[in-house]
Amino acid sequence: MASIVPFFLGGICISFLFDHFANIANKIYFADLTGASFACLCLEPALAVFGAESTALMLGVTGSVAGLCLSFVSKKRKLIAISMVGFAITSSIFLSNSSHTFIGISNAPTKKLFQDLKSNPELRIVLTRWNSFSRIDVVEGRWDNLATIYIDADATTDILNWDGDIASTQYLKKTMDFIPYNLTNKPKALIIGSGGGRDVIIALVGESSKVVAVELNPIIVEATKSYGARAGNVYDQDKVEAIIDEGRSFISRSNEKYDVIMLSLVDSWAAIAAGGYALAENYLYTLEAFHQYLDHLTDDGMLVMIRWLCEVPRLVSTSVVALEARGYSVQEVGKHIAIVLNEADPSKVKSLFILKKTPFNITHAENIEKWVSTIGDYHRVFYLPYIHAEAQYSELFNGKISLDQFYASFPNKADPVTDDDPYFFNWEWSIPKALNDLIILTLLAATAIISVPWIIRKRRSHTNTESVLSFVIYFAFLGFAYMLVEIALLQKFILFLGYPTRSLSVILFSLLLSSGIGSFVSGWISKKNIVKNVLLACPLIIILVIGYALTLPSLFGMWLQQDAAIRILVSVVLLFPLGFFMGIPFPTGLRILAASSDQNVPWMWGINGAMSVFGSILATTVGIVWGFGYALILGALVYSATMICAWFWFTKQT
């Protein structure tokens, strides 16, 4: 609830400016959006340099600078004095916290890090660092490893105590992670999400000829390397090639083939558990991802994933659909899959999932069964062709039930996800409860913002109801449509740009800057009849949005092989025309409104803001249920409603 306060006060400030200077709303909107766009560029370096807590405090400094500027404009000494004091206080707090952190996230009872610290007093945090998409804590004190890295205080990856000699890590052969390497001879391995290096060491123990270790988070690699010889210089081994990149983006650009592609618990459920669906998508487990993995396997290669047992049905169904598209029957697919369980912790059963490009033969199956029997009592075969299959899997691969019946046999969703709706960790059949609650709350808030001032104004005056209603619809749908398009594009560009935070920064920068420029330029177009600005912009927005919905996948395919800088430039160029025209309708509408009834400006600003929130939530919901392509189309349809309102104003003038 505390986060509501700055947004509430910020909304008052912007509303005040629009209300008093509605005739130059295009310039104010330009300044607002341009400032926001450059803030997007500053986000990543600010988080990396100052951390999340100090970055938040820095926002207080920028806010006090804005207040100081306004106080100088007012030319009132008391306001200037108060503003200078506010600036001094916020600056002091920010600088002090940057040097000696005294305001920080120090305890979150539900997070694994703080639970472990509380229950194990011998543990100590030796490093805490932030970047734009995570907080990394390195914890020492566990007897069984050198250190444990906590990602966002929840997911973990271990740095093993290793002398660099393969002979000293033979104990890793007694883990289910090693099973794939027991089936191959000197494999070339790709590790996606290599973390603290454990999976890399297992690949080396498996006599891999080469290990390509791809890790998204540079802090994790730096932390692991900082232990040097104590961690066996794991990322500097001769056979190891360490790459900082997002796994799916890397493999999309790679031309190499691998004998083993390994993904071991690459991600966490933290965002979903907190209801954070907006950035909780994962493109590593989509149907398109499986196709790319298969394309990058050698003829006898294996895709290996270590996931939780509850996720196995979705992995199986994705494999079935992927291989069916390649001409295999469901019965044949059953010979390409092997699943082994680790039930050491009954509440969190791990599974080793193997999808082999060519079928397992009886020798492979017997080898796996024998190996599982030697690695401990907590391990067992869950599905293995020729050997053993749990009920639903046996019925599916024997042809007794269809894939749809297989889905229905589980309490949670088990169907594959795609790049258009990449929510692998959403298991709810209907709209997720967290989003459903948000939809209801925002609808109630939006209804109150729209109806309460309406009732008050109708009692006080005989306002032209028809005219006011058209403005209510216009600004409501404008906020709604803008966010539908923005959120859908944000999700669409994640795979192309590499990861959510970069997509957030680049997409928002591009759209906000181009929208600001469009807003500024709108003051030069059709000065005599500014309604024409909207009638010109909205059809172009609709055409561009529909065009993006239909062509973005092929456009991404053309440029995906390029370096990150080129992909960012392509994204900015692609989005600039759309953002330019999206920046025209709002300030133009305010100028039209002010010419007819300037008392309604703050009200319409509030309606626009409330419906923007609703639009962002609905965009995510549509993405989860139907796909983000549909969210884009819905955004285009809503823009057509704003165009109808503008046509109504135009016909009244003529």
# chains A, B, ... in the order shown; residues from 1 in each chain; ligands from 1
>>> closest_atom_pairs(of="region 132-217 of chain A", to="region 327-345 of chain A", cutoff="12 Å", atoms="only C-alpha atoms", output="JSON lines")
{"residue": "A:Lys174", "atom": "CA", "partner": "A:Asn342", "partner_atom": "CA", "distance": 11.9}
{"residue": "A:Thr175", "atom": "CA", "partner": "A:Asn342", "partner_atom": "CA", "distance": 9.1}
{"residue": "A:Met176", "atom": "CA", "partner": "A:Val340", "partner_atom": "CA", "distance": 7.5}
{"residue": "A:Asp177", "atom": "CA", "partner": "A:Val340", "partner_atom": "CA", "distance": 9.8}
{"residue": "A:Phe178", "atom": "CA", "partner": "A:Val340", "partner_atom": "CA", "distance": 11.6}
{"residue": "A:Ile179", "atom": "CA", "partner": "A:Val340", "partner_atom": "CA", "distance": 9.4}
{"residue": "A:Pro180", "atom": "CA", "partner": "A:Ala338", "partner_atom": "CA", "distance": 10.2}
>>> residues_around(residues="Ala391 (chain A)", least_positions_apart="4", cutoff="12 Å", atoms="only C-alpha atoms", output="PyMOL selection string")
chain A and resi 382-383+395-398+400-401+406+409-410
>>> select_by_dssp(residues="region 298-521 of chain A", states="strand (DSSP E)", output="PyMOL selection string")
chain A and resi 298-308+337-342+350-356+379-384+388-389
>>> write_last_selection(atoms="N, CA and C atoms", output="short mmCIF file (atom, residue, chain, number, x, y, z; two decimals), in the first residue's frame")
data_model
loop_
_atom_site.label_atom_id
_atom_site.label_comp_id
_atom_site.auth_asym_id
_atom_site.auth_seq_id
_atom_site.Cartn_x
_atom_site.Cartn_y
_atom_site.Cartn_z
N THR A 298 22.55 -33.41 -31.73
CA THR A 298 23.08 -34.38 -32.69
C THR A 298 22.06 -35.50 -32.85
N ASP A 299 22.28 -36.38 -33.80
CA ASP A 299 21.29 -37.43 -34.09
C ASP A 299 20.99 -38.28 -32.87
N ASP A 300 21.97 -38.49 -32.02
CA ASP A 300 21.76 -39.32 -30.83
C ASP A 300 21.72 -38.46 -29.55
N GLY A 301 21.49 -37.13 -29.73
CA GLY A 301 21.56 -36.21 -28.59
C GLY A 301 20.34 -36.25 -27.69
N MET A 302 20.49 -35.62 -26.51
CA MET A 302 19.44 -35.64 -25.49
C MET A 302 19.19 -34.24 -24.92
N LEU A 303 17.93 -33.90 -24.79
CA LEU A 303 17.52 -32.72 -24.03
C LEU A 303 17.23 -33.19 -22.62
N VAL A 304 17.91 -32.59 -21.64
CA VAL A 304 17.78 -33.03 -20.25
C VAL A 304 17.32 -31.86 -19.39
N MET A 305 16.26 -32.09 -18.63
CA MET A 305 15.75 -31.07 -17.72
C MET A 305 15.55 -31.66 -16.34
N ILE A 306 15.97 -30.90 -15.34
CA ILE A 306 15.65 -31.27 -13.97
C ILE A 306 14.59 -30.28 -13.49
N ARG A 307 13.40 -30.81 -13.23
CA ARG A 307 12.26 -30.00 -12.81
C ARG A 307 11.56 -30.70 -11.66
N TRP A 308 10.53 -30.07 -11.13
CA TRP A 308 9.75 -30.67 -10.05
C TRP A 308 8.72 -31.63 -10.65
N ILE A 337 11.41 -40.84 -24.38
CA ILE A 337 11.34 -40.16 -23.09
C ILE A 337 11.76 -41.09 -21.96
N ALA A 338 12.49 -40.54 -21.01
CA ALA A 338 12.82 -41.25 -19.76
C ALA A 338 12.70 -40.27 -18.61
N ILE A 339 12.15 -40.75 -17.48
CA ILE A 339 11.95 -39.88 -16.31
C ILE A 339 12.37 -40.64 -15.06
N VAL A 340 13.24 -40.01 -14.27
CA VAL A 340 13.72 -40.57 -13.01
C VAL A 340 13.41 -39.58 -11.90
N LEU A 341 13.00 -40.08 -10.73
CA LEU A 341 12.64 -39.22 -9.61
C LEU A 341 13.66 -39.30 -8.49
N ASN A 342 13.83 -38.17 -7.80
CA ASN A 342 14.59 -38.10 -6.55
C ASN A 342 13.60 -37.71 -5.47
N LYS A 350 12.10 -34.04 -7.03
CA LYS A 350 12.78 -33.62 -8.26
C LYS A 350 12.66 -34.72 -9.31
N SER A 351 12.61 -34.31 -10.55
CA SER A 351 12.55 -35.28 -11.64
C SER A 351 13.64 -34.98 -12.66
N LEU A 352 14.26 -36.04 -13.17
CA LEU A 352 15.18 -35.94 -14.29
C LEU A 352 14.40 -36.33 -15.53
N PHE A 353 14.21 -35.38 -16.43
CA PHE A 353 13.44 -35.60 -17.64
C PHE A 353 14.39 -35.62 -18.83
N ILE A 354 14.36 -36.70 -19.60
CA ILE A 354 15.23 -36.83 -20.78
C ILE A 354 14.35 -37.01 -22.02
N LEU A 355 14.57 -36.15 -23.01
CA LEU A 355 13.94 -36.31 -24.33
C LEU A 355 15.06 -36.58 -25.32
N LYS A 356 15.07 -37.80 -25.85
CA LYS A 356 16.14 -38.21 -26.77
C LYS A 356 15.68 -37.99 -28.21
N HIS A 379 15.90 -42.73 -5.11
CA HIS A 379 15.71 -42.59 -6.54
C HIS A 379 14.90 -43.76 -7.09
N ARG A 380 14.06 -43.46 -8.08
CA ARG A 380 13.31 -44.53 -8.73
C ARG A 380 12.94 -44.13 -10.15
N VAL A 381 12.70 -45.14 -10.97
CA VAL A 381 12.26 -44.91 -12.34
C VAL A 381 10.77 -44.55 -12.31
N PHE A 382 10.43 -43.47 -12.97
CA PHE A 382 9.03 -43.03 -13.06
C PHE A 382 8.44 -43.41 -14.42
N TYR A 383 9.21 -43.16 -15.46
CA TYR A 383 8.81 -43.63 -16.80
C TYR A 383 10.07 -44.01 -17.56
N LEU A 384 10.05 -45.20 -18.12
CA LEU A 384 11.19 -45.68 -18.90
C LEU A 384 10.67 -46.70 -19.92
N HIS A 388 9.20 -49.48 -17.31
CA HIS A 388 8.16 -49.08 -16.34
C HIS A 388 7.51 -47.78 -16.77
N ALA A 389 6.19 -47.67 -16.49
CA ALA A 389 5.46 -46.43 -16.77
C ALA A 389 4.34 -46.26 -15.76
#
>>> residues_around(residues="region 23-36 of chain A", least_positions_apart="6", cutoff="10 Å", atoms="only C-alpha atoms", output="PyMOL selection string")
chain A and resi 14+17+42+508-524+583-595+598
>>> atom_distance(atom1="CA of Ile166 (chain A)", atom2="CA of Ser208 (chain A)")
11.6 Å
>>> atom_distance(atom1="CA of Met84 (chain A)", atom2="CA of Ala52 (chain A)")
25.3 Å
>>> closest_residue(among="A:Ser71, A:Ser54, A:Thr128, A:Asn120", to="Phe94 (chain A)", atoms="only C-alpha atoms")
A:Ser54
>>> select_by_dssp(residues="region 221-308 of chain A", states="alpha helix (DSSP H)", output="MDAnalysis selection string")
chainID A and resid 221:225 247:253 270:273 287:295
>>> write_last_selection(atoms="C-alpha atoms", output="compact mmCIF listing (two decimals), in the first residue's frame")
# COMPACT_ATOMS: atom_id res chain seq x y z
CA VAL A 221 29.67 -15.98 -12.84
CA GLU A 222 31.79 -13.23 -11.23
CA ALA A 223 30.98 -14.54 -7.74
CA THR A 224 31.94 -18.08 -8.75
CA LYS A 225 35.18 -16.94 -10.38
CA GLY A 247 19.69 -19.37 -22.90
CA ARG A 248 16.90 -19.28 -25.46
CA SER A 249 18.32 -16.23 -27.17
CA PHE A 250 21.75 -17.91 -27.33
CA ILE A 251 20.53 -21.16 -28.82
CA SER A 252 18.42 -19.26 -31.36
CA ARG A 253 21.63 -17.71 -32.70
CA ALA A 270 8.94 -16.71 -6.68
CA ALA A 271 7.27 -14.33 -9.13
CA ILE A 272 4.22 -16.56 -9.63
CA ALA A 273 3.89 -17.14 -5.89
CA LEU A 287 6.82 -25.58 -27.67
CA GLU A 288 8.99 -23.43 -29.95
CA ALA A 289 11.89 -23.81 -27.50
CA PHE A 290 11.61 -27.62 -27.65
CA HIS A 291 11.78 -27.45 -31.43
CA GLN A 292 14.95 -25.37 -31.23
CA TYR A 293 16.52 -27.75 -28.72
CA LEU A 294 15.77 -30.70 -31.00
CA ASP A 295 17.23 -28.83 -33.97
>>> closest_residue(among="A:Pro553, A:Ser596, A:Glu369, A:Phe580", to="Ala22 (chain A)", atoms="only C-alpha atoms")
A:Ser596
>>> residues_around(residues="region 623-626 of chain A", least_positions_apart="3", cutoff="9 Å", atoms="only C-alpha atoms", output="PyMOL selection string")
chain A and resi 277+420-423+426+429-432+488+491+618-620+629-631
>>> closest_residue(among="A:His100, A:Asn161, A:Phe614, A:Phe38", to="Leu443 (chain A)", atoms="only C-alpha atoms")
A:Phe614
>>> residues_around(residues="Ala481 (chain A)", least_positions_apart="6", cutoff="12 Å", atoms="only C-alpha atoms", output="ChimeraX atom specification")
/A:473-475,487-488,538,541-542,545,582,585-586,608-609,611-619,631-643
>>> write_last_selection(atoms="N, CA and C atoms", output="CSV table (one decimal), in the first residue's frame")
chain,number,residue,atom,x,y,z
A,473,ILE,N,-15.6,8.1,-22.5
A,473,ILE,CA,-15.3,6.9,-23.3
A,473,ILE,C,-13.9,7.1,-24.0
A,474,TYR,N,-13.7,8.3,-24.5
A,474,TYR,CA,-12.5,8.5,-25.3
A,474,TYR,C,-11.2,8.3,-24.4
A,475,PHE,N,-11.2,9.0,-23.2
A,475,PHE,CA,-10.0,8.9,-22.4
A,475,PHE,C,-9.9,7.5,-21.7
A,487,ILE,N,1.9,-3.5,-23.1
A,487,ILE,CA,2.2,-4.8,-22.4
A,487,ILE,C,2.4,-5.9,-23.4
A,488,ALA,N,1.6,-6.0,-24.4
A,488,ALA,CA,1.7,-7.1,-25.4
A,488,ALA,C,3.0,-7.0,-26.1
A,538,CYS,N,-5.3,7.5,-35.3
A,538,CYS,CA,-5.9,6.3,-34.8
A,538,CYS,C,-6.0,5.2,-35.9
A,541,ILE,N,-2.5,3.9,-36.2
A,541,ILE,CA,-2.2,3.0,-35.1
A,541,ILE,C,-2.7,1.6,-35.3
A,542,ILE,N,-4.0,1.6,-35.7
A,542,ILE,CA,-4.7,0.3,-35.8
A,542,ILE,C,-4.0,-0.5,-36.9
A,545,VAL,N,-0.5,-1.8,-35.5
A,545,VAL,CA,-0.7,-2.8,-34.4
A,545,VAL,C,-1.1,-4.1,-35.1
A,582,MET,N,0.9,6.9,-31.4
A,582,MET,CA,0.2,6.7,-30.1
A,582,MET,C,0.3,7.9,-29.2
A,585,PRO,N,-3.1,11.1,-29.7
A,585,PRO,CA,-4.5,11.2,-29.3
A,585,PRO,C,-4.7,11.8,-27.9
A,586,PHE,N,-3.9,11.5,-26.9
A,586,PHE,CA,-4.1,12.0,-25.6
A,586,PHE,C,-4.0,13.5,-25.4
A,608,ASN,N,-8.2,8.2,-17.5
A,608,ASN,CA,-7.2,7.6,-18.3
A,608,ASN,C,-6.2,6.8,-17.5
A,609,GLY,N,-5.8,7.3,-16.4
A,609,GLY,CA,-4.8,6.6,-15.5
A,609,GLY,C,-5.4,5.3,-15.0
A,611,MET,N,-7.9,3.4,-16.2
A,611,MET,CA,-8.1,2.5,-17.2
A,611,MET,C,-6.8,1.9,-17.8
A,612,SER,N,-5.7,2.7,-17.6
A,612,SER,CA,-4.4,2.2,-18.0
A,612,SER,C,-4.0,1.1,-17.1
A,613,VAL,N,-4.3,1.2,-15.8
A,613,VAL,CA,-4.0,0.1,-14.9
A,613,VAL,C,-4.8,-1.1,-15.3
A,614,PHE,N,-6.1,-0.9,-15.6
A,614,PHE,CA,-6.9,-2.0,-16.0
A,614,PHE,C,-6.4,-2.7,-17.3
A,615,GLY,N,-6.0,-1.9,-18.2
A,615,GLY,CA,-5.5,-2.4,-19.5
A,615,GLY,C,-4.2,-3.2,-19.3
A,616,SER,N,-3.3,-2.8,-18.4
A,616,SER,CA,-2.1,-3.6,-18.1
A,616,SER,C,-2.5,-5.0,-17.6
A,617,ILE,N,-3.4,-5.0,-16.6
A,617,ILE,CA,-3.8,-6.3,-16.0
A,617,ILE,C,-4.5,-7.2,-17.1
A,618,LEU,N,-5.4,-6.6,-17.8
A,618,LEU,CA,-6.2,-7.4,-18.8
A,618,LEU,C,-5.2,-7.9,-19.9
A,619,ALA,N,-4.2,-7.1,-20.3
A,619,ALA,CA,-3.3,-7.6,-21.3
A,619,ALA,C,-2.6,-8.8,-20.9
A,631,ALA,N,-4.0,-10.0,-27.5
A,631,ALA,CA,-4.0,-8.7,-26.8
A,631,ALA,C,-3.7,-7.5,-27.7
A,632,LEU,N,-2.8,-7.7,-28.7
A,632,LEU,CA,-2.6,-6.7,-29.7
A,632,LEU,C,-3.8,-6.4,-30.5
A,633,ILE,N,-4.5,-7.4,-31.0
A,633,ILE,CA,-5.7,-7.2,-31.8
A,633,ILE,C,-6.8,-6.5,-30.9
A,634,LEU,N,-6.9,-6.9,-29.7
A,634,LEU,CA,-7.9,-6.2,-28.8
A,634,LEU,C,-7.5,-4.7,-28.6
A,635,GLY,N,-6.2,-4.4,-28.5
A,635,GLY,CA,-5.8,-3.0,-28.4
A,635,GLY,C,-6.2,-2.2,-29.6
A,636,ALA,N,-6.0,-2.9,-30.8
A,636,ALA,CA,-6.4,-2.2,-32.1
A,636,ALA,C,-7.9,-1.9,-32.1
A,637,LEU,N,-8.7,-2.9,-31.6
A,637,LEU,CA,-10.1,-2.7,-31.6
A,637,LEU,C,-10.6,-1.6,-30.7
A,638,VAL,N,-9.9,-1.5,-29.5
A,638,VAL,CA,-10.2,-0.4,-28.6
A,638,VAL,C,-9.8,1.0,-29.1
A,639,TYR,N,-8.7,1.0,-29.9
A,639,TYR,CA,-8.4,2.3,-30.5
A,639,TYR,C,-9.4,2.7,-31.5
A,640,SER,N,-10.1,1.8,-32.1
A,640,SER,CA,-11.2,2.1,-33.1
A,640,SER,C,-12.3,2.8,-32.3
A,641,ALA,N,-12.5,2.5,-31.0
A,641,ALA,CA,-13.6,3.2,-30.3
A,641,ALA,C,-13.2,4.6,-30.0
A,642,THR,N,-11.9,4.9,-29.8
A,642,THR,CA,-11.5,6.3,-29.6
A,642,THR,C,-11.7,7.1,-30.9
A,643,MET,N,-11.5,6.4,-32.0
A,643,MET,CA,-11.7,7.0,-33.3
A,643,MET,C,-13.1,7.4,-33.5
>>> closest_residue(among="A:Gly86, A:Pro359, A:Pro218, A:Gly197", to="Asp236 (chain A)", atoms="only C-alpha atoms")
A:Gly197
>>> residues_around(residues="Glu428 (chain A)", least_positions_apart="6", cutoff="10 Å", atoms="only C-alpha atoms", output="MDAnalysis selection string")
chainID A and resid 411:414
>>> write_last_selection(atoms="C-alpha atoms", output="PDB file, in the first residue's frame")
ATOM      1  CA  PRO A 411      -5.817 -31.488 -11.517  1.00  0.00           C
ATOM      2  CA  ASN A 412      -3.691 -28.702 -13.033  1.00  0.00           C
ATOM      3  CA  LYS A 413      -3.100 -27.609 -16.621  1.00  0.00           C
ATOM      4  CA  ALA A 414      -0.760 -29.930 -18.485  1.00  0.00           C
TER       5      ALA A 414
END
>>> closest_residue(among="A:Ala231, A:Ile449, A:Ala66, A:Leu555", to="Val472 (chain A)", atoms="only C-alpha atoms")
A:Ile449
>>> atom_distance(atom1="CA of Tyr227 (chain A)", atom2="CA of Ala167 (chain A)")
20.0 Å
